[in-house]
Amino acid sequence: MTSPKSNSIPKNCVIALDGPAGSGKSTTARMLAARLKYNYLDTGAMYRALTVLALRRRVLPSDGVVLKKLADEMQIRFETQKEVNRVFVDGEDMTERIRMPEITRHVSEVSAHRGVREAMVGKQQELGKEGNIVAEGRDTTTVVFPDAHLKVYLDASLECRAQRRLLDMVKLGIETSLEEQEADLRRRDTFDSGRQHSPLRRAEDAYLIDTTHMTIDEQVDKIISLLKTAAKGK
Ligand code: DC
């Protein structure tokens, strides 16, 4: 990190945000990256993209060996266009496809295999090696970037997270209900936190932010103020 003046935003940092689905990570990370002029790394999108490839090629979500091979071989690239983080896999734009309910249903199982995680973590560390990055996911503070300059764990009540997911789905034109979203979040929380390899957990040195009653702007402001404080302490 370059030495910051007392109130300036440091350069070249890695900022890692983890938390459960619907905690506000993605929007916060994207807006934070835009404010800091950093790159935004959505690690969940990478596991989702692998799930698209797997289902298309009829690879079972339980088949860790073939999934690892697919993960090793896939070329993934992100591009921000009109404030949307677009995801390209082997040249194909998969931005909308990765958010479909069928993908959400299978992604936790696909992402739980050790080999898959090793392949993805390698790609993520490569993308973050120059710093200037806001990364978000389930293990960015614990496994991918354990030495990040700032680590944050975002959380919110289940009801609030389900409301947010419902709104996301409505925007995508997908029919669903609050109950369905709550059930899906409960299932994913259990799976993502209970798995053997890199389970979702709060790193000891991660700041906890409960976003239940916060707007996205407040969340971004809070993280920027944490970043300035962390920089002053260096
Ligand atoms: O953040 P998301 O909902 O797009 O993530 C989709 C899934 O990917 C999530 O249920 C668990 C998995 N995931 C993971 O295992 N590790 C990450 N760093 C990010 C996501």
# chains A, B, ... in the order shown; residues from 1 in each chain; ligands from 1

$ residues_around --residues "Thr140 in chain A" --least-positions-apart "6" --cutoff "12 Å" --atoms "only C-alpha atoms" --output "ChimeraX atom specification"
/A:14-19,25,41-44,117,120-122,124-125,128,133-134,146-153,198-203,206

$ residues_around --residues "Met100 in chain A" --least-positions-apart "5" --cutoff "10 Å" --atoms "only C-alpha atoms" --output "short mmCIF file (atom, residue, chain, number, x, y, z; two decimals) with C-alpha atoms, in the first residue's frame"
data_model
loop_
_atom_site.label_atom_id
_atom_site.label_comp_id
_atom_site.auth_asym_id
_atom_site.auth_seq_id
_atom_site.Cartn_x
_atom_site.Cartn_y
_atom_site.Cartn_z
CA ARG A 48 -22.03 -19.89 -10.93
CA VAL A 52 -23.63 -23.33 -16.08
CA THR A 95 -24.11 -12.52 -17.21
CA ARG A 105 -30.10 -24.48 -6.94
CA MET A 169 -35.65 -11.95 -9.06
CA LEU A 172 -34.90 -10.42 -13.76
CA ILE A 174 -38.44 -14.50 -12.54
#

$ residues_near_ligand --ligand "ligand 1" --cutoff "7 Å" --atoms "only C-alpha atoms and all ligand atoms" --output "ChimeraX atom specification"
/A:21,43-45,47-48,104,107-108,111-112,136-140,188,192

$ write_last_selection --atoms "C-alpha atoms" --output "compact mmCIF listing (two decimals), in the first residue's frame"
# COMPACT_ATOMS: atom_id res chain seq x y z
CA ALA A 21 -26.39 -14.62 0.20
CA THR A 43 -16.10 -14.79 -6.83
CA GLY A 44 -19.65 -16.22 -6.60
CA ALA A 45 -20.08 -15.46 -10.31
CA TYR A 47 -18.75 -20.71 -9.19
CA ARG A 48 -22.03 -19.89 -10.93
CA THR A 104 -28.66 -21.06 -7.88
CA VAL A 107 -24.09 -23.86 -7.23
CA SER A 108 -23.55 -24.65 -3.54
CA SER A 111 -18.61 -25.08 -5.18
CA ALA A 112 -18.10 -27.43 -2.23
CA GLU A 136 -16.50 -10.57 -2.42
CA GLY A 137 -17.71 -14.09 -1.72
CA ARG A 138 -17.69 -16.68 1.05
CA ASP A 139 -13.96 -17.23 1.61
CA THR A 140 -12.26 -14.09 0.30
CA ARG A 188 -27.72 -22.31 1.04
CA ASP A 192 -22.17 -22.93 2.58

$ residues_around --residues "Asp63 in chain A" --least-positions-apart "3" --cutoff "12 Å" --atoms "only C-alpha atoms" --output "list in words"
Thr51, Ala54, Leu55, Arg58, Val59, Leu60, Val66, Leu67, Lys68, Lys69, Leu70, Glu109, Val110, Ser111, Ala112, His113, Arg114, Gly115 and Val116 of chain A

$ closest_residue --among "A:Ile98, A:Lys123, A:Leu167, A:Ser26" --to "Met74 in chain A" --atoms "only C-alpha atoms"
A:Lys123

$ select_by_dssp --residues "range 40-192 of chain A" --states "helix (DSSP H, G or I)" --output "ChimeraX atom specification"
/A:43-56,64-73,97-99,101-111,114-127,140-144,158-171,178-192

$ closest_residue --among "A:Arg97, A:Gly22, A:Ala135, A:Ser8" --to "Arg186 in chain A" --atoms "only C-alpha atoms"
A:Gly22

$ atom_distance --atom1 "CA of Thr212 in chain A" --atom2 "CA of Asp155 in chain A"
7.5 Å

$ residues_around --residues "Asp221 in chain A" --least-positions-apart "6" --cutoff "10 Å" --atoms "only C-alpha atoms" --output "number ranges by chain"
A: 28, 32, 35, 215, 227

$ write_last_selection --atoms "C-alpha atoms" --output "PDB file, in the first residue's frame"
ATOM      1  CA  THR A  28     -21.805  -2.904  -1.909  1.00  0.00           C
ATOM      2  CA  LEU A  32     -17.292   0.501  -3.441  1.00  0.00           C
ATOM      3  CA  ARG A  35     -16.024   4.867  -5.796  1.00  0.00           C
ATOM      4  CA  THR A 215     -28.862   1.537   2.682  1.00  0.00           C
ATOM      5  CA  LEU A 227     -10.451   1.728   5.116  1.00  0.00           C
TER       6      LEU A 227
END

$ residues_around --residues "Glu159 in chain A" --least-positions-apart "5" --cutoff "10 Å" --atoms "only C-alpha atoms" --output "ChimeraX atom specification"
/A:22,164-165,178-179,181-182,185,212

$ atom_distance --atom1 "CA of His213 in chain A" --atom2 "CA of Leu154 in chain A"
12.2 Å

$ atom_distance --atom1 "CA of Gln75 in chain A" --atom2 "CA of Phe191 in chain A"
26.7 Å
